[in-house]
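Q: Structure: work_28.cif, mmCIF, C-alpha atoms.
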```cif
data_protein
#
loop_
_atom_site.group_PDB
_atom_site.id
_atom_site.type_symbol
_atom_site.label_atom_id
_atom_site.label_comp_id
_atom_site.auth_asym_id
_atom_site.auth_seq_id
_atom_site.Cartn_x
_atom_site.Cartn_y
_atom_site.Cartn_z
ATOM 1 C CA MET F 1 0.000 0.000 0.000
ATOM 2 C CA GLU F 2 2.857 2.401 0.770
ATOM 3 C CA ALA F 3 4.440 1.825 -2.652
ATOM 4 C CA ILE F 4 1.132 2.567 -4.387
ATOM 5 C CA ALA F 5 0.732 5.800 -2.417
ATOM 6 C CA ARG F 6 4.225 6.951 -3.406
ATOM 7 C CA ILE F 7 3.588 6.327 -7.109
ATOM 8 C CA SER F 8 0.303 8.206 -6.928
ATOM 9 C CA THR F 9 2.004 11.233 -5.369
ATOM 10 C CA ASN F 10 4.703 11.234 -8.061
ATOM 11 C CA GLN F 11 2.037 11.070 -10.758
ATOM 12 C CA ASP F 12 0.264 14.036 -9.175
ATOM 13 C CA TRP F 13 3.279 16.348 -9.180
ATOM 14 C CA ILE F 14 4.190 15.265 -12.709
ATOM 15 C CA THR F 15 0.659 16.088 -13.838
ATOM 16 C CA LEU F 16 0.881 19.521 -12.196
ATOM 17 C CA LEU F 17 4.249 20.075 -13.833
ATOM 18 C CA LEU F 18 2.906 19.166 -17.276
ATOM 19 C CA LEU F 19 -0.020 21.521 -16.727
ATOM 20 C CA GLY F 20 2.505 24.244 -15.973
ATOM 21 C CA VAL F 21 4.346 23.412 -19.194
ATOM 22 C CA LEU F 22 1.103 23.618 -21.160
ATOM 23 C CA PHE F 23 0.373 26.981 -19.535
ATOM 24 C CA PHE F 24 3.604 28.485 -20.883
ATOM 25 C CA ILE F 25 3.070 26.940 -24.324
ATOM 26 C CA VAL F 26 -0.483 28.318 -24.457
ATOM 27 C CA LEU F 27 0.879 31.707 -23.371
ATOM 28 C CA ALA F 28 3.341 31.618 -26.274
ATOM 29 C CA SER F 29 0.482 30.624 -28.592
ATOM 30 C CA LEU F 30 -1.624 33.564 -27.425
ATOM 31 C CA ILE F 31 1.280 35.915 -28.106
ATOM 32 C CA ASP F 32 1.924 34.575 -31.622
ATOM 33 C CA ARG F 33 0.137 31.405 -32.730
ATOM 34 C CA GLU F 34 1.605 31.424 -36.242
ATOM 35 C CA ARG F 35 5.140 31.749 -34.870
ATOM 36 C CA LEU F 36 4.588 28.760 -32.581
ATOM 37 C CA LYS F 37 3.260 26.780 -35.539
ATOM 38 C CA GLN F 38 6.333 27.609 -37.610
ATOM 39 C CA LEU F 39 8.560 26.702 -34.683
ATOM 40 C CA PHE F 40 6.959 23.259 -34.497
ATOM 41 C CA VAL F 41 7.797 22.524 -38.153
ATOM 42 C CA LEU F 42 11.289 24.026 -37.876
ATOM 43 C CA PRO F 43 13.089 20.666 -38.375
ATOM 44 C CA PHE F 44 11.589 20.491 -41.861
ATOM 45 C CA THR F 45 11.859 24.109 -43.039
ATOM 46 C CA ASN F 46 13.996 27.198 -42.393
ATOM 47 C CA TYR F 47 11.062 29.598 -42.681
ATOM 48 C CA TYR F 48 11.130 30.375 -38.958
ATOM 49 C CA LEU F 49 14.828 31.254 -38.921
ATOM 50 C CA LEU F 50 14.542 33.506 -41.950
ATOM 51 C CA ASN F 51 11.394 35.435 -41.050
ATOM 52 C CA TYR F 52 11.379 36.120 -37.319
ATOM 53 C CA ASP F 53 13.161 38.571 -35.087
ATOM 54 C CA THR F 54 16.444 37.154 -33.804
ATOM 55 C CA ARG F 55 16.145 38.859 -30.410
ATOM 56 C CA ILE F 56 16.025 36.038 -27.902
ATOM 57 C CA TRP F 57 14.705 37.796 -24.800
ATOM 58 C CA ASN F 58 11.019 38.514 -25.274
ATOM 59 C CA ILE F 59 7.870 37.099 -23.683
ATOM 60 C CA PHE F 60 7.355 34.517 -26.448
ATOM 61 C CA ASN F 61 10.862 33.056 -26.158
ATOM 62 C CA THR F 62 10.946 33.345 -22.372
ATOM 63 C CA SER F 63 7.724 31.345 -22.085
ATOM 64 C CA LEU F 64 9.133 28.630 -24.326
ATOM 65 C CA PHE F 65 12.468 28.698 -22.491
ATOM 66 C CA ILE F 66 10.698 27.921 -19.210
ATOM 67 C CA ALA F 67 8.513 25.228 -20.789
ATOM 68 C CA SER F 68 11.431 23.620 -22.649
ATOM 69 C CA ASN F 69 13.636 23.357 -19.583
ATOM 70 C CA LEU F 70 10.817 21.838 -17.537
ATOM 71 C CA ILE F 71 10.242 19.285 -20.310
ATOM 72 C CA LEU F 72 13.925 18.392 -20.570
ATOM 73 C CA ALA F 73 14.341 18.137 -16.794
ATOM 74 C CA LEU F 74 11.301 15.866 -16.504
ATOM 75 C CA PHE F 75 12.552 13.663 -19.330
ATOM 76 C CA ILE F 76 15.976 13.260 -17.688
ATOM 77 C CA TYR F 77 14.310 12.622 -14.328
ATOM 78 C CA LEU F 78 12.092 9.845 -15.723
ATOM 79 C CA VAL F 79 14.964 8.215 -17.597
ATOM 80 C CA GLN F 80 17.333 8.161 -14.629
ATOM 81 C CA ASN F 81 14.505 7.019 -12.366
ATOM 82 C CA HIS F 82 13.808 4.154 -14.774
ATOM 83 C CA PHE F 83 17.417 3.001 -14.409
ATOM 84 C CA GLY F 84 17.249 3.090 -10.620
ATOM 85 C CA THR F 85 19.082 6.317 -9.779
ATOM 86 C CA SER F 86 17.498 8.914 -7.505
ATOM 87 C CA ILE F 87 18.580 12.404 -8.546
ATOM 88 C CA SER F 88 15.808 14.847 -7.669
ATOM 89 C CA PHE F 89 13.929 16.757 -10.339
ATOM 90 C CA TYR F 90 14.945 20.062 -8.758
ATOM 91 C CA ASN F 91 18.619 19.112 -8.861
ATOM 92 C CA ILE F 92 18.307 18.186 -12.532
ATOM 93 C CA LEU F 93 16.496 21.423 -13.360
ATOM 94 C CA SER F 94 19.068 23.490 -11.452
ATOM 95 C CA THR F 95 21.866 21.748 -13.334
ATOM 96 C CA ILE F 96 20.254 22.516 -16.699
ATOM 97 C CA LEU F 97 19.735 26.179 -15.805
ATOM 98 C CA LEU F 98 23.318 26.488 -14.585
ATOM 99 C CA TYR F 99 24.495 24.977 -17.861
ATOM 100 C CA TRP F 100 22.557 27.549 -19.879
ATOM 101 C CA PHE F 101 23.909 30.378 -17.715
ATOM 102 C CA LEU F 102 27.532 29.298 -18.169
ATOM 103 C CA LYS F 103 27.029 28.696 -21.875
ATOM 104 C CA TYR F 104 25.347 32.057 -22.499
ATOM 105 C CA THR F 105 27.792 34.158 -20.454
ATOM 106 C CA SER F 106 30.878 32.445 -21.907
ATOM 107 C CA GLY F 107 29.443 32.957 -25.407
ATOM 108 C CA LYS F 108 28.954 36.648 -24.692
ATOM 109 C CA LEU F 109 32.526 36.901 -23.423
ATOM 110 C CA ILE F 110 34.043 35.203 -26.471
ATOM 111 C CA ALA F 111 31.870 37.269 -28.840
ATOM 112 C CA THR F 112 33.051 40.471 -27.136
ATOM 113 C CA LEU F 113 36.718 39.446 -27.276
ATOM 114 C CA PHE F 114 36.554 38.583 -30.984
ATOM 115 C CA ASN F 115 34.084 41.349 -31.945
ATOM 116 C CA LEU F 116 31.438 38.864 -33.065
ATOM 117 C CA LYS F 117 28.427 40.033 -31.072
ATOM 118 C CA LYS F 118 26.066 40.095 -34.042
ATOM 119 C CA LEU F 119 27.043 36.602 -35.186
ATOM 120 C CA GLN F 120 26.870 35.256 -31.636
ATOM 121 C CA SER F 121 23.366 36.666 -31.173
ATOM 122 C CA LEU F 122 22.294 34.985 -34.405
ATOM 123 C CA TRP F 123 23.710 31.639 -33.320
ATOM 124 C CA VAL F 124 22.021 31.886 -29.931
ATOM 125 C CA PHE F 125 18.698 32.546 -31.684
ATOM 126 C CA ILE F 126 19.169 29.580 -34.026
ATOM 127 C CA LYS F 127 20.170 27.102 -31.332
ATOM 128 C CA ALA F 128 17.460 28.313 -28.953
ATOM 129 C CA SER F 129 14.865 27.939 -31.714
ATOM 130 C CA TYR F 130 15.891 24.360 -32.445
ATOM 131 C CA PHE F 131 15.963 23.607 -28.717
ATOM 132 C CA PHE F 132 12.404 24.893 -28.304
ATOM 133 C CA SER F 133 11.244 22.963 -31.380
ATOM 134 C CA SER F 134 12.808 19.648 -30.308
ATOM 135 C CA THR F 135 11.386 19.871 -26.786
ATOM 136 C CA LEU F 136 7.889 20.352 -28.219
ATOM 137 C CA TYR F 137 8.283 16.926 -29.838
ATOM 138 C CA LEU F 138 9.778 15.571 -26.630
ATOM 139 C CA LEU F 139 6.669 16.726 -24.766
ATOM 140 C CA ILE F 140 4.510 14.478 -26.951
ATOM 141 C CA PHE F 141 6.661 11.482 -26.030
ATOM 142 C CA LEU F 142 6.488 12.417 -22.354
ATOM 143 C CA PHE F 143 2.684 12.342 -22.357
ATOM 144 C CA PHE F 144 2.768 8.823 -23.776
ATOM 145 C CA ALA F 145 5.521 7.771 -21.366
ATOM 146 C CA VAL F 146 3.716 9.085 -18.281
ATOM 147 C CA TYR F 147 0.113 8.130 -19.045
ATOM 148 C CA PHE F 148 0.181 5.236 -21.507
ATOM 149 C CA PHE F 149 3.312 3.171 -22.132
ATOM 150 C CA LYS F 150 5.438 4.079 -19.100
ATOM 151 C CA MET F 151 9.201 4.070 -19.381
ATOM 152 C CA ASN F 152 10.538 0.833 -20.884
ATOM 153 C CA ARG F 153 13.569 -0.113 -22.942
ATOM 154 C CA ASN F 154 11.870 -0.116 -26.351
ATOM 155 C CA PHE F 155 10.087 3.177 -25.725
ATOM 156 C CA LEU F 156 13.334 4.832 -24.608
ATOM 157 C CA ILE F 157 15.104 3.554 -27.731
ATOM 158 C CA VAL F 158 12.397 5.033 -29.968
ATOM 159 C CA MET F 159 12.556 8.354 -28.101
ATOM 160 C CA GLY F 160 16.340 8.407 -28.327
ATOM 161 C CA VAL F 161 16.355 7.668 -32.067
ATOM 162 C CA VAL F 162 13.724 10.308 -32.883
ATOM 163 C CA TYR F 163 15.396 12.935 -30.711
ATOM 164 C CA GLY F 164 18.789 12.075 -32.205
ATOM 165 C CA ILE F 165 17.391 12.511 -35.722
ATOM 166 C CA LEU F 166 16.014 15.926 -34.738
ATOM 167 C CA LEU F 167 19.445 16.952 -33.416
ATOM 168 C CA ILE F 168 21.157 15.810 -36.627
ATOM 169 C CA ILE F 169 18.641 17.764 -38.711
ATOM 170 C CA ARG F 170 19.244 20.799 -36.485
ATOM 171 C CA TYR F 171 22.990 20.815 -36.980
ATOM 172 C CA TYR F 172 22.669 20.083 -40.705
ATOM 173 C CA HIS F 173 20.375 23.055 -41.273
ATOM 174 C CA PHE F 174 22.498 25.225 -39.010
ATOM 175 C CA ILE F 175 25.737 24.543 -40.910
ATOM 176 C CA ASP F 176 24.129 24.525 -44.359
ATOM 177 C CA GLN F 177 22.214 27.767 -43.862
ATOM 178 C CA TYR F 178 25.046 29.725 -42.270
ATOM 179 C CA LYS F 179 28.153 28.188 -43.819
ATOM 180 C CA ARG F 180 28.970 31.569 -45.365
ATOM 181 C CA ASP F 181 29.291 32.971 -41.853
ATOM 182 C CA ILE F 182 30.933 29.871 -40.385
ATOM 183 C CA ILE F 183 33.788 29.563 -42.921
ATOM 184 C CA PRO F 184 35.201 33.100 -42.403
ATOM 185 C CA HIS F 185 34.899 32.603 -38.643
ATOM 186 C CA PHE F 186 35.906 28.945 -38.579
ATOM 187 C CA PHE F 187 38.200 29.441 -35.588
ATOM 188 C CA TYR F 188 35.332 30.919 -33.596
ATOM 189 C CA PHE F 189 33.060 28.066 -34.693
ATOM 190 C CA ILE F 190 35.534 25.445 -33.436
ATOM 191 C CA LEU F 191 36.030 27.449 -30.241
ATOM 192 C CA TYR F 192 32.251 27.611 -29.909
ATOM 193 C CA LEU F 193 31.844 23.844 -30.179
ATOM 194 C CA CYS F 194 34.615 23.123 -27.663
ATOM 195 C CA ALA F 195 34.222 25.947 -25.167
ATOM 196 C CA LEU F 196 30.479 26.553 -25.301
ATOM 197 C CA GLU F 197 29.072 23.069 -25.876
ATOM 198 C CA ILE F 198 31.356 20.701 -23.986
ATOM 199 C CA ALA F 199 33.127 22.768 -21.316
ATOM 200 C CA PRO F 200 29.974 24.190 -19.600
ATOM 201 C CA LEU F 201 28.465 20.701 -19.465
ATOM 202 C CA LEU F 202 31.576 19.229 -17.828
ATOM 203 C CA ILE F 203 31.749 22.082 -15.322
ATOM 204 C CA VAL F 204 28.083 21.767 -14.392
ATOM 205 C CA LEU F 205 28.272 17.992 -13.980
ATOM 206 C CA LYS F 206 31.328 18.346 -11.731
ATOM 207 C CA ILE F 207 29.640 21.011 -9.588
ATOM 208 C CA SER F 208 26.234 19.333 -9.350
ATOM 209 C CA PHE F 209 27.120 15.661 -9.031
#
```
Could I get this file's structure written as structure tokens?
A:
Amino acid sequence: MEAIARISTNQDWITLLLLGVLFFIVLASLIDRERLKQLFVLPFTNYYLLNYDTRIWNIFNTSLFIASNLILALFIYLVQNHFGTSISFYNILSTILLYWFLKYTSGKLIATLFNLKKLQSLWVFIKASYFFSSTLYLLIFLFFAVYFFKMNRNFLIVMGVVYGILLIIRYYHFIDQYKRDIIPHFFYFILYLCALEIAPLLIVLKISF
């Protein structure tokens, strides 16, 4: 009976969390429904990247930033819980937010040092857009995982494959669309991949775990 009660409580807070995620997505939809629609189909077309303001800090993007990080944190929590580890959701979420903070501030620093603020802002917009888009798809999988199929090996494999394909598509479009900017600033691009993708993650993992 105690085990059943614990599972029920976990399901309750997950349901509340998903309702919170839906709230922020609906808020973004109320601000600009067509933009949210274009963001959802971003893996298949570059229309969103070519036609929307590249400023990252506005209510639309902030709402999706909150929703996306909650989705990612819940996904990681469910996966690690499935494999028997017990890292709390709040610890996972804090780790993700710390990662974004280190990544964003280090990117700003490098862009200032190499006088590449405009290009750095564009790259932040592109990567944030693909992050928001991929987590919208991840949310669909989470609903099935929580309320229908639960977490099992086959379901995790399918989720991993689909999410991996989305990441490959993201980087392909990113390099193909902006190769004219990447080639002249190839050194910065390599520095970006090493210093802003890998280093913040290693630092955060060391600090948090």
Q: On this file, the PyMOL selection byres ((chain F and resi 131-143) around 8) gives some set of residues; write that set as a VMD selection string.
A: chain F and resid 39 to 43 64 to 65 68 71 to 72 75 127 to 130 144 to 148 159 163 166 to 167
Q: CA of Val124 in chain F to CA of Phe101 in chain F: how many Å, to one decimal?
A: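 Taking CA of Val124 in chain F as the start and CA of Phe101 in chain F as the end point, the length is 12.5 Å.
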Q: CA of Thr105 in chain F to CA of Ile126 in chain F: how many Å, to one decimal?
A: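 Computing the Euclidean distance for CA of Thr105 in chain F and CA of Ile126 in chain F yields 16.7 Å.
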Q: Could you tell me how far CA of Ile92 in chain F sits from CA of Tyr77 in chain F, in Å to one decimal place?
A: 7.1 Å
Q: Using only C-alpha atoms, which residues sit within 12 Å of Gln80 in chain F once same-chain residues fewer than 4 positions away are excluded, as number ranges by chain?
A: F: 73-76, 84-89, 92, 151-152, 156
Q: Ranking F:Trp123, F:Tyr90, F:Phe23, F:Leu97 by minimum distance to Ile175 in chain F and counting only C-alpha atoms, which one comes first?
A: F:Trp123
Q: Which residues, written as a list in words, have at least one atom at most 12 Å from Ile31 in chain F, with all atoms listed in the file counted and residues fewer than 2 positions away on the same chain left out?
A: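 The neighbour list is Phe24, Ile25, Val26, Leu27, Ala28, Ser29, Arg33, Glu34, Arg35, Leu36, Lys37, Asn58, Ile59, Phe60, Asn61, Thr62, Ser63 and Leu64 of chain F.
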Q: Could I see range 152-175 of chain F restored to N, CA and C atoms, set down as a PDB file, in the coordinates of the input?
A:
```
ATOM      1  N   ASN F 152       9.969   2.161 -20.692  1.00  0.00           N
ATOM      2  CA  ASN F 152      10.538   0.833 -20.884  1.00  0.00           C
ATOM      3  C   ASN F 152      11.639   0.932 -21.935  1.00  0.00           C
ATOM      4  N   ARG F 153      12.388  -0.138 -22.081  1.00  0.00           N
ATOM      5  CA  ARG F 153      13.569  -0.113 -22.942  1.00  0.00           C
ATOM      6  C   ARG F 153      13.228   0.269 -24.384  1.00  0.00           C
ATOM      7  N   ASN F 154      12.219  -0.378 -24.954  1.00  0.00           N
ATOM      8  CA  ASN F 154      11.870  -0.116 -26.351  1.00  0.00           C
ATOM      9  C   ASN F 154      11.393   1.319 -26.557  1.00  0.00           C
ATOM     10  N   PHE F 155      10.601   1.813 -25.596  1.00  0.00           N
ATOM     11  CA  PHE F 155      10.087   3.177 -25.725  1.00  0.00           C
ATOM     12  C   PHE F 155      11.227   4.185 -25.638  1.00  0.00           C
ATOM     13  N   LEU F 156      12.184   3.945 -24.739  1.00  0.00           N
ATOM     14  CA  LEU F 156      13.334   4.832 -24.608  1.00  0.00           C
ATOM     15  C   LEU F 156      14.189   4.817 -25.866  1.00  0.00           C
ATOM     16  N   ILE F 157      14.331   3.653 -26.488  1.00  0.00           N
ATOM     17  CA  ILE F 157      15.104   3.554 -27.731  1.00  0.00           C
ATOM     18  C   ILE F 157      14.449   4.377 -28.827  1.00  0.00           C
ATOM     19  N   VAL F 158      13.119   4.261 -28.954  1.00  0.00           N
ATOM     20  CA  VAL F 158      12.397   5.033 -29.968  1.00  0.00           C
ATOM     21  C   VAL F 158      12.550   6.527 -29.713  1.00  0.00           C
ATOM     22  N   MET F 159      12.397   6.943 -28.454  1.00  0.00           N
ATOM     23  CA  MET F 159      12.556   8.354 -28.101  1.00  0.00           C
ATOM     24  C   MET F 159      13.962   8.832 -28.429  1.00  0.00           C
ATOM     25  N   GLY F 160      14.955   8.022 -28.078  1.00  0.00           N
ATOM     26  CA  GLY F 160      16.340   8.407 -28.327  1.00  0.00           C
ATOM     27  C   GLY F 160      16.637   8.551 -29.807  1.00  0.00           C
ATOM     28  N   VAL F 161      16.124   7.626 -30.624  1.00  0.00           N
ATOM     29  CA  VAL F 161      16.355   7.668 -32.067  1.00  0.00           C
ATOM     30  C   VAL F 161      15.704   8.903 -32.681  1.00  0.00           C
ATOM     31  N   VAL F 162      14.445   9.154 -32.336  1.00  0.00           N
ATOM     32  CA  VAL F 162      13.724  10.308 -32.883  1.00  0.00           C
ATOM     33  C   VAL F 162      14.399  11.610 -32.468  1.00  0.00           C
ATOM     34  N   TYR F 163      14.761  11.714 -31.192  1.00  0.00           N
ATOM     35  CA  TYR F 163      15.396  12.935 -30.711  1.00  0.00           C
ATOM     36  C   TYR F 163      16.770  13.109 -31.350  1.00  0.00           C
ATOM     37  N   GLY F 164      17.490  11.999 -31.545  1.00  0.00           N
ATOM     38  CA  GLY F 164      18.789  12.075 -32.205  1.00  0.00           C
ATOM     39  C   GLY F 164      18.667  12.553 -33.643  1.00  0.00           C
ATOM     40  N   ILE F 165      17.634  12.067 -34.341  1.00  0.00           N
ATOM     41  CA  ILE F 165      17.391  12.511 -35.722  1.00  0.00           C
ATOM     42  C   ILE F 165      17.117  14.006 -35.759  1.00  0.00           C
ATOM     43  N   LEU F 166      16.316  14.492 -34.804  1.00  0.00           N
ATOM     44  CA  LEU F 166      16.014  15.926 -34.738  1.00  0.00           C
ATOM     45  C   LEU F 166      17.286  16.745 -34.508  1.00  0.00           C
ATOM     46  N   LEU F 167      18.191  16.243 -33.676  1.00  0.00           N
ATOM     47  CA  LEU F 167      19.445  16.952 -33.416  1.00  0.00           C
ATOM     48  C   LEU F 167      20.318  16.985 -34.665  1.00  0.00           C
ATOM     49  N   ILE F 168      20.367  15.859 -35.392  1.00  0.00           N
ATOM     50  CA  ILE F 168      21.157  15.810 -36.627  1.00  0.00           C
ATOM     51  C   ILE F 168      20.603  16.795 -37.650  1.00  0.00           C
ATOM     52  N   ILE F 169      19.281  16.827 -37.793  1.00  0.00           N
ATOM     53  CA  ILE F 169      18.641  17.764 -38.711  1.00  0.00           C
ATOM     54  C   ILE F 169      18.962  19.199 -38.302  1.00  0.00           C
ATOM     55  N   ARG F 170      18.960  19.451 -36.988  1.00  0.00           N
ATOM     56  CA  ARG F 170      19.244  20.799 -36.485  1.00  0.00           C
ATOM     57  C   ARG F 170      20.635  21.254 -36.904  1.00  0.00           C
ATOM     58  N   TYR F 171      21.618  20.422 -36.654  1.00  0.00           N
ATOM     59  CA  TYR F 171      22.990  20.815 -36.980  1.00  0.00           C
ATOM     60  C   TYR F 171      23.213  20.881 -38.490  1.00  0.00           C
ATOM     61  N   TYR F 172      22.539  20.035 -39.254  1.00  0.00           N
ATOM     62  CA  TYR F 172      22.669  20.083 -40.705  1.00  0.00           C
ATOM     63  C   TYR F 172      22.150  21.418 -41.244  1.00  0.00           C
ATOM     64  N   HIS F 173      20.949  21.791 -40.822  1.00  0.00           N
ATOM     65  CA  HIS F 173      20.375  23.055 -41.273  1.00  0.00           C
ATOM     66  C   HIS F 173      21.217  24.234 -40.805  1.00  0.00           C
ATOM     67  N   PHE F 174      21.703  24.141 -39.574  1.00  0.00           N
ATOM     68  CA  PHE F 174      22.498  25.225 -39.010  1.00  0.00           C
ATOM     69  C   PHE F 174      23.756  25.470 -39.842  1.00  0.00           C
ATOM     70  N   ILE F 175      24.496  24.408 -40.153  1.00  0.00           N
ATOM     71  CA  ILE F 175      25.737  24.543 -40.910  1.00  0.00           C
ATOM     72  C   ILE F 175      25.453  24.910 -42.361  1.00  0.00           C
TER      73      ILE F 175
END
```
